[in-house]
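Just below is one structure, and these are the notes that go with it.
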Amino acid sequence: MNPASLLLVIIGFLSSLVCNAFANEIIRVNTASDGNGRYAMQMLNLALSKIDTKYELITDEKVITQSRNIELVSSGGSDLLWAATSQQMEDTLLPVRIPLFKGLLGHRIFIIRKGDQARFDQISTIEDLRQLTFGQGKTWADTEILRSNNFRVVTANKYQGLFYMLDGSRFDAFPRGVQEPWQELLDNSNLPLVVEEKIMLIYRMPFYFFTTKSNKKLAADIELGLNRAITDKSFDQVFFNDPMIKSVIEKANLKERKIFKISNPGLPKETPLEREELWLDIDSLGFKETLTPNSLAIRAD
């Protein structure tokens with residue numbers, strides 16, 4: 001090889017090293033598998049803004065089921081998802097154990113059919129509540145939590161289908177995190193559905209980012225970014241200024257609700273319950289605890 005050719009090879013090699021050094025890491029993510037995509041992406045962007053590694057987000061807005069999303073991440077076809085945790089989820093994927101909703105997702109109020117409020121006004125015990133049938137996603141952590149507490153549950157593969165199933169009287173109520181139902185009702189304004197006014201069900205249910213087991217760097221980077229955001233208070237700024245959270249404070253009538261607390265037997269032992277800064281102080285939102293006979297007292301998160 002003559003000196004000129006050798007020089008070109010060396011320049012090409014060095015150029016590739018420089019390009020690779022400054023190339024962004026890729027995060028492929030589906031944003032449409034549930035109703036929490038907008039908020040989760042806010043938190044993801046916040047976390048990434050706090051770290052040195054530069055990531056490029058490639059988003060897919062195709063509506064898919066959660067089970068399909070789990071399959072994609074598990075197989076490496078996608079890089080990240082968000083979901084309520086369970087032992088099964090943590091056995092399958094690698095969690096970033098920072099609750100994105102500060103535990104608020106485990107505070108459930110119901111979407112019901114318009115005209116059904118009087119039926120719910122009559123509920124005074126957890127046994128009364130067990131006479132209802134709830135709708136849930138087939139792979140959601142909530143489904144097993146409710147069933148393990150002897151509630152009747154009807155499941156569906158597709159999140160959007162649950163609203164039509166409720167309208168069609170396939171079940172009595174659709175439990176949602178307290179921050180979720182108002183936007184969902186706007187998104188489904190063609191259906192005669194409303195937020196139930198009197199009841200709240202509480203259980204521990206952290207909502208995490210998950211990646212594939214082999215992608216430890218991505219999980220570590222997101223965890224580092226979220227922890228830095230918690231330390232500098234920007235995590236709470238995003239949380240409390242989010243329209244969904246504001247709707248809770250403005251519309252949920254929290255002080256007047258009957259509260260029923262149930263257990264989550266599938267809560268993984270690694271859940272960071274000891275880190276108080278990760279969990280919402282519910283008194284700050286005006287919750288008034290009402291423990292009723294046969295309800296299981298747990299710390300509200």
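Ordering of the structure tokens sets the chain letters (A, B, ...); residue numbers start at 1 within each chain; ligands are numbered from 1 in the order shown.
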
For the contact check between stretch 151-223 of chain A and stretch 38-51 of chain A, emit one row per residue of stretch 151-223 of chain A within 10 Å, containing the shortest atom pair and the distance in Å rounded to one decimal, counting only C-alpha atoms, chain then rising number order, as JSON lines.
{"residue": "A:Phe207", "atom": "CA", "partner": "A:Ala40", "partner_atom": "CA", "distance": 9.8}
{"residue": "A:Tyr208", "atom": "CA", "partner": "A:Ala40", "partner_atom": "CA", "distance": 9.2}
{"residue": "A:Phe209", "atom": "CA", "partner": "A:Ala40", "partner_atom": "CA", "distance": 8.3}
{"residue": "A:Asp221", "atom": "CA", "partner": "A:Ile51", "partner_atom": "CA", "distance": 7.0}
{"residue": "A:Ile222", "atom": "CA", "partner": "A:Ala47", "partner_atom": "CA", "distance": 5.7}
{"residue": "A:Glu223", "atom": "CA", "partner": "A:Ala47", "partner_atom": "CA", "distance": 7.6}

Quiz prompt | Backbone DSSP call of strand (DSSP E or B) for stretch 118-268 of chain A, listed as number ranges by chain | solution = A: 133-137, 152-156, 173-177, 193-195, 199-202, 207-211, 258-261

Residues as selected, C-alpha atoms, written as a PDB file, in the first residue's frame, can you do that?
ATOM      1  CA  THR A 133     -67.516  -6.055  38.442  1.00  0.00           C
ATOM      2  CA  PHE A 134     -64.491  -4.046  37.355  1.00  0.00           C
ATOM      3  CA  GLY A 135     -62.900  -3.692  33.921  1.00  0.00           C
ATOM      4  CA  GLN A 136     -59.105  -3.911  33.485  1.00  0.00           C
ATOM      5  CA  GLY A 137     -56.442  -4.647  30.918  1.00  0.00           C
ATOM      6  CA  ARG A 152     -64.614  -9.649  40.121  1.00  0.00           C
ATOM      7  CA  VAL A 153     -62.703  -8.475  37.047  1.00  0.00           C
ATOM      8  CA  VAL A 154     -63.477  -8.507  33.327  1.00  0.00           C
ATOM      9  CA  THR A 155     -60.404  -8.061  31.127  1.00  0.00           C
ATOM     10  CA  ALA A 156     -59.654  -6.844  27.620  1.00  0.00           C
ATOM     11  CA  ALA A 173     -66.829   0.403  36.773  1.00  0.00           C
ATOM     12  CA  PHE A 174     -63.415   1.109  35.288  1.00  0.00           C
ATOM     13  CA  PRO A 175     -60.911   1.899  38.087  1.00  0.00           C
ATOM     14  CA  ARG A 176     -58.373   4.537  37.044  1.00  0.00           C
ATOM     15  CA  GLY A 177     -55.535   6.358  38.771  1.00  0.00           C
ATOM     16  CA  LEU A 193     -69.426   8.051  30.899  1.00  0.00           C
ATOM     17  CA  VAL A 194     -68.623  10.063  34.048  1.00  0.00           C
ATOM     18  CA  VAL A 195     -66.330   9.985  37.085  1.00  0.00           C
ATOM     19  CA  ILE A 199     -65.347   6.141  46.446  1.00  0.00           C
ATOM     20  CA  MET A 200     -61.592   5.688  46.294  1.00  0.00           C
ATOM     21  CA  LEU A 201     -59.699   2.393  46.349  1.00  0.00           C
ATOM     22  CA  ILE A 202     -56.073   2.502  47.522  1.00  0.00           C
ATOM     23  CA  PHE A 207     -45.393   2.843  38.012  1.00  0.00           C
ATOM     24  CA  TYR A 208     -41.906   2.480  36.524  1.00  0.00           C
ATOM     25  CA  PHE A 209     -39.867   2.647  33.364  1.00  0.00           C
ATOM     26  CA  PHE A 210     -38.792  -0.813  32.179  1.00  0.00           C
ATOM     27  CA  THR A 211     -36.140  -1.906  29.703  1.00  0.00           C
ATOM     28  CA  LYS A 258     -64.967   6.811  51.206  1.00  0.00           C
ATOM     29  CA  ILE A 259     -61.562   5.153  51.155  1.00  0.00           C
ATOM     30  CA  PHE A 260     -61.080   1.400  50.938  1.00  0.00           C
ATOM     31  CA  LYS A 261     -57.526   0.117  51.316  1.00  0.00           C
TER      32      LYS A 261
END

Show which residues sit within 12 Å of stretch 99-102 of chain A, as a compact mmCIF listing (two decimals) with all heavy atoms, in the first residue's frame. Count only C-alpha atoms, and ignore same-chain residues fewer than 3 positions away.
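Written file, out_30.txt:
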# COMPACT_ATOMS: atom_id res chain seq x y z
N ASN A 36 -50.84 7.00 29.42
CA ASN A 36 -49.85 7.73 30.20
C ASN A 36 -48.63 8.16 29.39
O ASN A 36 -47.63 8.62 29.95
CB ASN A 36 -49.38 6.85 31.37
CG ASN A 36 -50.49 6.58 32.35
OD1 ASN A 36 -51.09 7.49 32.90
ND2 ASN A 36 -50.80 5.30 32.57
N GLY A 37 -48.71 8.05 28.06
CA GLY A 37 -47.55 8.30 27.23
C GLY A 37 -47.03 9.72 27.31
O GLY A 37 -45.82 9.95 27.39
N TYR A 39 -47.22 11.96 29.76
CA TYR A 39 -46.54 12.21 31.04
C TYR A 39 -45.24 11.42 31.14
O TYR A 39 -44.21 11.96 31.57
CB TYR A 39 -47.47 11.83 32.20
CG TYR A 39 -46.83 11.98 33.56
CD1 TYR A 39 -46.78 13.22 34.19
CD2 TYR A 39 -46.28 10.88 34.22
CE1 TYR A 39 -46.20 13.37 35.44
CE2 TYR A 39 -45.69 11.01 35.47
CZ TYR A 39 -45.65 12.26 36.07
OH TYR A 39 -45.06 12.40 37.31
N ALA A 40 -45.26 10.16 30.74
CA ALA A 40 -44.05 9.34 30.81
C ALA A 40 -42.94 9.93 29.95
O ALA A 40 -41.77 9.93 30.36
CB ALA A 40 -44.36 7.91 30.38
N MET A 41 -43.29 10.44 28.78
CA MET A 41 -42.28 11.05 27.92
C MET A 41 -41.73 12.34 28.54
O MET A 41 -40.55 12.66 28.38
CB MET A 41 -42.85 11.32 26.53
CG MET A 41 -43.12 10.05 25.72
SD MET A 41 -41.61 9.09 25.40
CE MET A 41 -40.75 10.18 24.27
N GLN A 42 -42.56 13.07 29.24
CA GLN A 42 -42.07 14.24 29.97
C GLN A 42 -40.99 13.82 30.98
O GLN A 42 -39.93 14.45 31.08
CB GLN A 42 -43.21 14.90 30.74
CG GLN A 42 -43.97 15.98 29.99
CD GLN A 42 -44.90 16.72 30.93
OE1 GLN A 42 -45.89 16.18 31.42
NE2 GLN A 42 -44.59 17.96 31.20
N MET A 43 -41.29 12.78 31.74
CA MET A 43 -40.34 12.32 32.75
C MET A 43 -39.08 11.74 32.12
O MET A 43 -37.98 11.90 32.63
CB MET A 43 -41.01 11.30 33.68
CG MET A 43 -41.93 11.92 34.71
SD MET A 43 -41.02 13.07 35.78
CE MET A 43 -42.28 13.50 36.97
N LEU A 44 -39.24 11.06 30.99
CA LEU A 44 -38.08 10.52 30.30
C LEU A 44 -37.17 11.65 29.81
O LEU A 44 -35.94 11.60 30.01
CB LEU A 44 -38.52 9.64 29.13
CG LEU A 44 -37.40 9.04 28.28
CD1 LEU A 44 -36.46 8.18 29.12
CD2 LEU A 44 -37.99 8.23 27.12
N LEU A 46 -37.00 14.62 30.99
CA LEU A 46 -36.41 15.25 32.17
C LEU A 46 -35.19 14.47 32.63
O LEU A 46 -34.13 15.04 32.88
CB LEU A 46 -37.45 15.33 33.29
CG LEU A 46 -36.95 15.89 34.62
CD1 LEU A 46 -36.54 17.36 34.49
CD2 LEU A 46 -38.02 15.72 35.71
N ALA A 47 -35.33 13.14 32.75
CA ALA A 47 -34.22 12.30 33.20
C ALA A 47 -33.03 12.43 32.26
O ALA A 47 -31.88 12.58 32.70
CB ALA A 47 -34.66 10.85 33.30
N TRP A 82 -43.31 1.87 29.91
CA TRP A 82 -43.71 2.26 31.27
C TRP A 82 -44.95 1.47 31.64
O TRP A 82 -45.83 1.21 30.83
CB TRP A 82 -43.98 3.76 31.35
CG TRP A 82 -44.70 4.30 30.16
CD1 TRP A 82 -46.04 4.30 29.91
CD2 TRP A 82 -44.09 4.91 29.00
NE1 TRP A 82 -46.32 4.86 28.69
CE2 TRP A 82 -45.15 5.24 28.11
CE3 TRP A 82 -42.77 5.21 28.65
CZ2 TRP A 82 -44.91 5.87 26.90
CZ3 TRP A 82 -42.55 5.82 27.43
CH2 TRP A 82 -43.60 6.14 26.58
N ALA A 83 -45.00 1.06 32.91
CA ALA A 83 -46.11 0.22 33.36
C ALA A 83 -46.10 0.14 34.87
O ALA A 83 -45.09 0.42 35.53
CB ALA A 83 -46.00 -1.18 32.76
N ALA A 84 -47.24 -0.25 35.43
CA ALA A 84 -47.30 -0.60 36.84
C ALA A 84 -46.45 -1.85 37.08
O ALA A 84 -46.43 -2.75 36.24
CB ALA A 84 -48.73 -0.83 37.28
N THR A 85 -45.77 -1.88 38.20
CA THR A 85 -44.89 -3.01 38.44
C THR A 85 -45.65 -4.20 39.03
O THR A 85 -46.74 -4.06 39.57
CB THR A 85 -43.73 -2.61 39.38
OG1 THR A 85 -42.70 -3.60 39.26
CG2 THR A 85 -44.18 -2.52 40.83
N PRO A 95 -36.56 -3.12 35.80
CA PRO A 95 -37.25 -1.90 36.22
C PRO A 95 -36.29 -0.80 36.63
O PRO A 95 -35.18 -1.05 37.11
CB PRO A 95 -38.06 -2.37 37.43
CG PRO A 95 -37.19 -3.44 38.04
CD PRO A 95 -36.52 -4.13 36.87
N VAL A 96 -36.73 0.43 36.44
CA VAL A 96 -36.07 1.59 37.04
C VAL A 96 -36.96 1.97 38.23
O VAL A 96 -38.03 2.56 38.04
CB VAL A 96 -35.96 2.76 36.05
CG1 VAL A 96 -35.31 3.97 36.72
CG2 VAL A 96 -35.16 2.33 34.82
N LEU A 105 -50.73 6.48 41.34
CA LEU A 105 -51.51 5.61 40.47
C LEU A 105 -52.24 4.52 41.25
O LEU A 105 -53.22 3.95 40.77
CB LEU A 105 -50.60 4.97 39.42
CG LEU A 105 -51.29 4.48 38.13
CD1 LEU A 105 -51.91 5.64 37.38
CD2 LEU A 105 -50.32 3.73 37.25
N GLY A 106 -51.77 4.22 42.46
CA GLY A 106 -52.45 3.24 43.31
C GLY A 106 -53.66 3.79 44.03
O GLY A 106 -54.29 3.08 44.81
N HIS A 107 -54.01 5.05 43.79
CA HIS A 107 -55.23 5.65 44.32
C HIS A 107 -56.24 5.64 43.18
O HIS A 107 -56.12 6.42 42.23
CB HIS A 107 -54.97 7.06 44.82
CG HIS A 107 -54.00 7.13 45.95
ND1 HIS A 107 -52.66 6.91 45.79
CD2 HIS A 107 -54.20 7.38 47.26
CE1 HIS A 107 -52.06 7.04 46.97
NE2 HIS A 107 -52.97 7.32 47.87
N GLY A 177 -56.30 5.51 37.87
CA GLY A 177 -55.53 6.36 38.77
C GLY A 177 -56.21 7.72 38.88
O GLY A 177 -56.78 8.22 37.90
N VAL A 178 -56.16 8.33 40.06
CA VAL A 178 -56.95 9.56 40.27
C VAL A 178 -56.60 10.66 39.27
O VAL A 178 -57.40 11.57 39.04
CB VAL A 178 -56.78 10.10 41.71
CG1 VAL A 178 -57.46 9.19 42.71
CG2 VAL A 178 -55.33 10.31 42.06
N GLN A 179 -55.42 10.59 38.67
CA GLN A 179 -55.03 11.64 37.73
C GLN A 179 -55.47 11.36 36.30
O GLN A 179 -55.30 12.21 35.43
CB GLN A 179 -53.50 11.83 37.76
CG GLN A 179 -52.70 10.77 37.04
CD GLN A 179 -52.49 9.51 37.85
OE1 GLN A 179 -53.11 9.33 38.90
NE2 GLN A 179 -51.63 8.64 37.36
N GLU A 180 -56.07 10.22 36.05
CA GLU A 180 -56.31 9.79 34.67
C GLU A 180 -57.68 10.09 34.06
O GLU A 180 -57.77 10.37 32.86
CB GLU A 180 -56.06 8.27 34.56
CG GLU A 180 -54.63 7.86 34.80
CD GLU A 180 -54.43 6.36 34.74
OE1 GLU A 180 -55.19 5.63 35.41
OE2 GLU A 180 -53.52 5.92 34.03
N ARG A 204 -50.86 -0.15 47.01
CA ARG A 204 -49.53 0.20 46.53
C ARG A 204 -49.38 -0.27 45.08
O ARG A 204 -49.57 -1.44 44.78
CB ARG A 204 -48.45 -0.49 47.36
CG ARG A 204 -48.31 0.04 48.77
CD ARG A 204 -47.06 -0.57 49.37
NE ARG A 204 -46.89 -0.25 50.77
CZ ARG A 204 -46.37 0.89 51.22
NH1 ARG A 204 -45.99 1.80 50.35
NH2 ARG A 204 -46.23 1.11 52.50
N MET A 205 -48.98 0.66 44.20
CA MET A 205 -48.77 0.28 42.82
C MET A 205 -47.81 1.25 42.15
O MET A 205 -48.21 2.15 41.43
CB MET A 205 -50.08 0.21 42.04
CG MET A 205 -49.94 -0.59 40.75
SD MET A 205 -51.45 -0.62 39.77
CE MET A 205 -51.57 1.11 39.34
N PRO A 206 -46.51 1.07 42.37
CA PRO A 206 -45.53 1.93 41.69
C PRO A 206 -45.58 1.74 40.18
O PRO A 206 -45.82 0.63 39.68
CB PRO A 206 -44.19 1.45 42.24
CG PRO A 206 -44.51 0.67 43.47
CD PRO A 206 -45.87 0.10 43.26
N PHE A 207 -45.36 2.81 39.47
CA PHE A 207 -45.39 2.84 38.01
C PHE A 207 -44.00 3.24 37.54
O PHE A 207 -43.52 4.34 37.83
CB PHE A 207 -46.43 3.87 37.58
CG PHE A 207 -46.76 3.89 36.12
CD1 PHE A 207 -47.77 3.09 35.62
CD2 PHE A 207 -46.10 4.74 35.23
CE1 PHE A 207 -48.12 3.12 34.27
CE2 PHE A 207 -46.42 4.78 33.89
CZ PHE A 207 -47.44 3.96 33.41
N TYR A 208 -43.32 2.32 36.85
CA TYR A 208 -41.91 2.48 36.52
C TYR A 208 -41.65 2.52 35.02
O TYR A 208 -42.48 2.07 34.22
CB TYR A 208 -41.10 1.28 37.03
CG TYR A 208 -41.04 1.04 38.51
CD1 TYR A 208 -40.91 -0.27 38.99
CD2 TYR A 208 -41.07 2.07 39.44
CE1 TYR A 208 -40.82 -0.54 40.35
CE2 TYR A 208 -40.98 1.81 40.80
CZ TYR A 208 -40.86 0.50 41.25
OH TYR A 208 -40.77 0.23 42.59
N PHE A 209 -40.44 2.97 34.66
CA PHE A 209 -39.87 2.65 33.36
C PHE A 209 -39.29 1.23 33.43
O PHE A 209 -38.75 0.81 34.46
CB PHE A 209 -38.73 3.61 33.00
CG PHE A 209 -39.17 4.98 32.61
CD1 PHE A 209 -38.72 6.10 33.30
CD2 PHE A 209 -40.03 5.17 31.52
CE1 PHE A 209 -39.12 7.38 32.93
CE2 PHE A 209 -40.43 6.44 31.15
CZ PHE A 209 -39.98 7.54 31.86
N PHE A 210 -39.38 0.52 32.30
CA PHE A 210 -38.79 -0.81 32.18
C PHE A 210 -38.01 -0.89 30.87
O PHE A 210 -38.43 -0.34 29.86
CB PHE A 210 -39.87 -1.90 32.14
CG PHE A 210 -40.58 -2.13 33.44
CD1 PHE A 210 -41.69 -1.38 33.79
CD2 PHE A 210 -40.14 -3.12 34.33
CE1 PHE A 210 -42.36 -1.59 34.98
CE2 PHE A 210 -40.80 -3.35 35.52
CZ PHE A 210 -41.91 -2.57 35.85
N ILE A 222 -31.22 6.32 33.15
CA ILE A 222 -32.53 6.90 33.48
C ILE A 222 -32.68 7.05 34.99
O ILE A 222 -33.16 8.07 35.48
CB ILE A 222 -33.66 6.03 32.89
CG1 ILE A 222 -33.63 6.09 31.36
CG2 ILE A 222 -35.02 6.49 33.41
CD1 ILE A 222 -34.61 5.14 30.69
N GLU A 223 -32.23 6.04 35.74
CA GLU A 223 -32.31 6.12 37.20
C GLU A 223 -31.48 7.29 37.72
O GLU A 223 -31.92 8.05 38.61
CB GLU A 223 -31.85 4.82 37.83
CG GLU A 223 -31.97 4.81 39.35
CD GLU A 223 -31.65 3.47 39.97
OE1 GLU A 223 -31.22 2.54 39.23
OE2 GLU A 223 -31.83 3.33 41.19
N LEU A 226 -33.33 10.57 36.89
CA LEU A 226 -34.50 10.78 37.75
C LEU A 226 -34.08 11.14 39.17
O LEU A 226 -34.69 12.02 39.81
CB LEU A 226 -35.39 9.53 37.75
CG LEU A 226 -36.14 9.24 36.45
CD1 LEU A 226 -36.89 7.92 36.55
CD2 LEU A 226 -37.11 10.37 36.09
N ASN A 227 -33.05 10.48 39.68
CA ASN A 227 -32.58 10.80 41.04
C ASN A 227 -32.05 12.23 41.11
O ASN A 227 -32.28 12.93 42.11
CB ASN A 227 -31.51 9.81 41.48
CG ASN A 227 -32.10 8.55 42.09
OD1 ASN A 227 -33.06 8.61 42.86
ND2 ASN A 227 -31.55 7.40 41.74
N ALA A 229 -33.10 14.66 39.26
CA ALA A 229 -34.29 15.51 39.17
C ALA A 229 -35.03 15.56 40.51
O ALA A 229 -35.61 16.60 40.86
CB ALA A 229 -35.22 15.01 38.06
N ILE A 230 -35.03 14.46 41.23
CA ILE A 230 -35.64 14.45 42.56
C ILE A 230 -34.85 15.36 43.51
O ILE A 230 -35.43 16.15 44.27
CB ILE A 230 -35.70 13.01 43.11
CG1 ILE A 230 -36.74 12.20 42.32
CG2 ILE A 230 -36.06 12.99 44.60
CD1 ILE A 230 -36.66 10.70 42.54
N PHE A 235 -38.23 17.11 39.40
CA PHE A 235 -39.19 16.00 39.30
C PHE A 235 -40.54 16.45 39.85
O PHE A 235 -41.58 16.28 39.20
CB PHE A 235 -38.65 14.80 40.07
CG PHE A 235 -39.47 13.54 39.93
CD1 PHE A 235 -39.01 12.49 39.15
CD2 PHE A 235 -40.68 13.38 40.58
CE1 PHE A 235 -39.75 11.31 39.01
CE2 PHE A 235 -41.43 12.22 40.46
CZ PHE A 235 -40.95 11.18 39.68
N ASP A 236 -40.54 17.03 41.05
CA ASP A 236 -41.80 17.48 41.65
C ASP A 236 -42.42 18.62 40.86
O ASP A 236 -43.65 18.73 40.79
CB ASP A 236 -41.56 17.92 43.10
CG ASP A 236 -41.56 16.75 44.07
OD1 ASP A 236 -41.77 15.60 43.62
OD2 ASP A 236 -41.35 16.97 45.28
N VAL A 238 -42.38 19.00 37.60
CA VAL A 238 -43.11 18.37 36.48
C VAL A 238 -44.37 17.69 36.99
O VAL A 238 -45.46 17.84 36.41
CB VAL A 238 -42.20 17.36 35.75
CG1 VAL A 238 -43.01 16.56 34.74
CG2 VAL A 238 -41.05 18.08 35.05
N PHE A 239 -44.23 16.96 38.09
CA PHE A 239 -45.36 16.21 38.64
C PHE A 239 -46.52 17.13 39.02
O PHE A 239 -47.65 16.96 38.55
CB PHE A 239 -44.90 15.41 39.86
CG PHE A 239 -45.98 14.64 40.56
CD1 PHE A 239 -46.47 13.46 40.03
CD2 PHE A 239 -46.51 15.10 41.76
CE1 PHE A 239 -47.47 12.73 40.69
CE2 PHE A 239 -47.51 14.39 42.42
CZ PHE A 239 -47.99 13.21 41.88
N PHE A 240 -46.27 18.13 39.85
CA PHE A 240 -47.35 18.95 40.38
C PHE A 240 -47.89 19.95 39.35
O PHE A 240 -49.01 20.45 39.52
CB PHE A 240 -46.89 19.69 41.64
CG PHE A 240 -46.82 18.81 42.85
CD1 PHE A 240 -45.60 18.43 43.39
CD2 PHE A 240 -47.98 18.32 43.45
CE1 PHE A 240 -45.53 17.61 44.50
CE2 PHE A 240 -47.92 17.50 44.56
CZ PHE A 240 -46.70 17.14 45.09
N ASP A 242 -48.29 19.08 36.16
CA ASP A 242 -48.91 18.34 35.08
C ASP A 242 -50.43 18.53 35.11
O ASP A 242 -51.05 18.50 36.18
CB ASP A 242 -48.59 16.85 35.20
CG ASP A 242 -49.08 16.08 34.00
OD1 ASP A 242 -48.38 16.05 32.98
OD2 ASP A 242 -50.19 15.50 34.09
N MET A 244 -52.86 16.57 34.44
CA MET A 244 -53.58 15.46 35.06
C MET A 244 -53.57 15.59 36.58
O MET A 244 -54.58 15.36 37.24
CB MET A 244 -52.97 14.12 34.66
CG MET A 244 -53.19 13.72 33.23
SD MET A 244 -52.68 12.02 32.90
CE MET A 244 -50.93 12.05 33.27
N ILE A 245 -52.41 15.94 37.16
CA ILE A 245 -52.30 16.07 38.59
C ILE A 245 -53.13 17.25 39.08
O ILE A 245 -53.82 17.18 40.11
CB ILE A 245 -50.83 16.23 39.01
CG1 ILE A 245 -49.97 15.11 38.43
CG2 ILE A 245 -50.70 16.27 40.53
CD1 ILE A 245 -50.41 13.72 38.78
N THR A 271 -39.15 -3.09 46.13
CA THR A 271 -39.81 -1.79 46.04
C THR A 271 -39.21 -0.83 47.08
O THR A 271 -39.14 -1.17 48.26
CB THR A 271 -41.32 -1.94 46.29
OG1 THR A 271 -41.85 -2.91 45.37
CG2 THR A 271 -42.04 -0.61 46.08
N PRO A 272 -38.77 0.36 46.67
CA PRO A 272 -38.06 1.27 47.58
C PRO A 272 -38.99 2.02 48.53
O PRO A 272 -39.06 3.26 48.53
CB PRO A 272 -37.34 2.22 46.62
CG PRO A 272 -38.24 2.28 45.44
CD PRO A 272 -38.82 0.89 45.29
N LEU A 273 -39.67 1.28 49.39
CA LEU A 273 -40.64 1.90 50.29
C LEU A 273 -39.98 2.80 51.32
O LEU A 273 -40.61 3.72 51.86
CB LEU A 273 -41.45 0.80 51.00
CG LEU A 273 -42.21 -0.16 50.09
CD1 LEU A 273 -42.88 -1.25 50.91
CD2 LEU A 273 -43.25 0.60 49.26
N ARG A 275 -37.63 4.94 50.88
CA ARG A 275 -37.23 6.26 50.35
C ARG A 275 -38.46 7.18 50.33
O ARG A 275 -39.18 7.26 49.35
CB ARG A 275 -36.63 6.12 48.96
CG ARG A 275 -35.29 5.42 48.92
CD ARG A 275 -34.67 5.49 47.53
NE ARG A 275 -34.47 6.88 47.10
CZ ARG A 275 -34.06 7.23 45.88
NH1 ARG A 275 -33.84 6.30 44.96
NH2 ARG A 275 -33.90 8.52 45.56
N GLU A 276 -38.66 7.89 51.41
CA GLU A 276 -39.86 8.70 51.56
C GLU A 276 -40.00 9.77 50.47
O GLU A 276 -41.11 10.17 50.12
CB GLU A 276 -39.89 9.34 52.94
CG GLU A 276 -40.04 8.33 54.08
CD GLU A 276 -40.17 9.00 55.43
OE1 GLU A 276 -40.18 10.25 55.47
OE2 GLU A 276 -40.26 8.28 56.43
N GLU A 277 -38.87 10.24 49.94
CA GLU A 277 -38.92 11.30 48.94
C GLU A 277 -39.53 10.83 47.62
O GLU A 277 -39.90 11.66 46.77
CB GLU A 277 -37.52 11.87 48.69
CG GLU A 277 -36.57 10.97 47.88
CD GLU A 277 -35.83 9.93 48.70
OE1 GLU A 277 -36.26 9.67 49.86
OE2 GLU A 277 -34.84 9.37 48.19
N LEU A 278 -39.65 9.52 47.44
CA LEU A 278 -40.21 8.98 46.20
C LEU A 278 -41.73 8.94 46.21
O LEU A 278 -42.34 8.73 45.15
CB LEU A 278 -39.67 7.57 45.94
CG LEU A 278 -38.16 7.40 45.80
CD1 LEU A 278 -37.85 5.95 45.45
CD2 LEU A 278 -37.59 8.35 44.77
N TRP A 279 -42.33 9.10 47.37
CA TRP A 279 -43.76 8.84 47.52
C TRP A 279 -44.50 10.12 47.88
O TRP A 279 -44.03 10.95 48.65
CB TRP A 279 -44.01 7.79 48.60
CG TRP A 279 -43.22 6.55 48.35
CD1 TRP A 279 -42.00 6.22 48.89
CD2 TRP A 279 -43.55 5.48 47.45
NE1 TRP A 279 -41.57 5.01 48.40
CE2 TRP A 279 -42.50 4.53 47.51
CE3 TRP A 279 -44.63 5.22 46.62
CZ2 TRP A 279 -42.51 3.35 46.76
CZ3 TRP A 279 -44.65 4.06 45.88
CH2 TRP A 279 -43.59 3.13 45.96
N LEU A 280 -45.68 10.24 47.34
CA LEU A 280 -46.52 11.41 47.60
C LEU A 280 -47.04 11.41 49.03
O LEU A 280 -47.51 10.38 49.53
CB LEU A 280 -47.70 11.42 46.62
CG LEU A 280 -48.67 12.59 46.76
CD1 LEU A 280 -48.00 13.88 46.33
CD2 LEU A 280 -49.92 12.33 45.93
N ASP A 281 -46.96 12.55 49.69
CA ASP A 281 -47.64 12.75 50.97
C ASP A 281 -49.08 13.10 50.63
O ASP A 281 -49.39 14.21 50.23
CB ASP A 281 -46.96 13.89 51.74
CG ASP A 281 -47.69 14.22 53.03
OD1 ASP A 281 -48.64 13.49 53.39
OD2 ASP A 281 -47.32 15.22 53.67
N ILE A 282 -49.97 12.14 50.79
CA ILE A 282 -51.34 12.34 50.31
C ILE A 282 -52.08 13.41 51.09
O ILE A 282 -53.03 13.99 50.59
CB ILE A 282 -52.15 11.03 50.33
CG1 ILE A 282 -52.22 10.45 51.73
CG2 ILE A 282 -51.58 10.03 49.35
CD1 ILE A 282 -53.20 9.30 51.84
N ALA A 300 -50.75 4.67 52.55
CA ALA A 300 -51.22 5.19 51.27
C ALA A 300 -50.06 5.79 50.52
O ALA A 300 -49.37 6.63 51.04
CB ALA A 300 -52.31 6.23 51.50
N ASP A 301 -49.84 5.32 49.30
CA ASP A 301 -48.77 5.90 48.50
C ASP A 301 -49.27 6.30 47.14
O ASP A 301 -48.50 6.57 46.26
CB ASP A 301 -47.59 4.91 48.40
CG ASP A 301 -48.00 3.55 47.92
OD1 ASP A 301 -48.74 3.50 46.93
OD2 ASP A 301 -47.58 2.55 48.51

Quiz item: When distances are computed from only C-alpha atoms, which of A:Met165, A:Leu267, A:Leu218, A:Leu146 shows the smallest separation from A:Met89?
Solution: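 That would be A:Leu267, the residue with the smallest distance to A:Met89.
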
Practice problem: Go ahead and compute the interatomic distance for atom CA of A:Leu80 and atom CA of A:Leu104, in Å to one decimal. | Solution: 21.5 Å

Quiz item: as a PyMOL selection string, which residues of stretch 103-196 of chain A does DSSP assign to alpha helix (DSSP H)?
Solution: chain A and resi 117-121+126-129+141-148+159-167+181-187

Quiz item: By how many Å are atom CA of A:Ala219 and atom CA of A:Asp142 apart?
Solution: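 Atom-to-atom, atom CA of A:Ala219 and atom CA of A:Asp142 are spaced 23.8 Å apart.
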
Practice problem: Name the residues in contact with A:Glu197 at a cut-off of 9 Å, using only C-alpha atoms, excluding same-chain residues fewer than 6 positions from it; report them as a PyMOL selection string. | Solution: chain A and resi 109-110+117+120-121+252-253+256-257

Mind running stretch 92-119 of chain A against stretch 52-75 of chain A at 10 Å and telling me each contacting residue's nearest atom pair with the distance in Å (one decimal), counting only C-alpha atoms, chain and number ascending, as JSON lines?
{"residue": "A:Thr92", "atom": "CA", "partner": "A:Ser74", "partner_atom": "CA", "distance": 7.1}
{"residue": "A:Leu93", "atom": "CA", "partner": "A:Ser74", "partner_atom": "CA", "distance": 6.5}
{"residue": "A:Leu94", "atom": "CA", "partner": "A:Ser74", "partner_atom": "CA", "distance": 9.3}
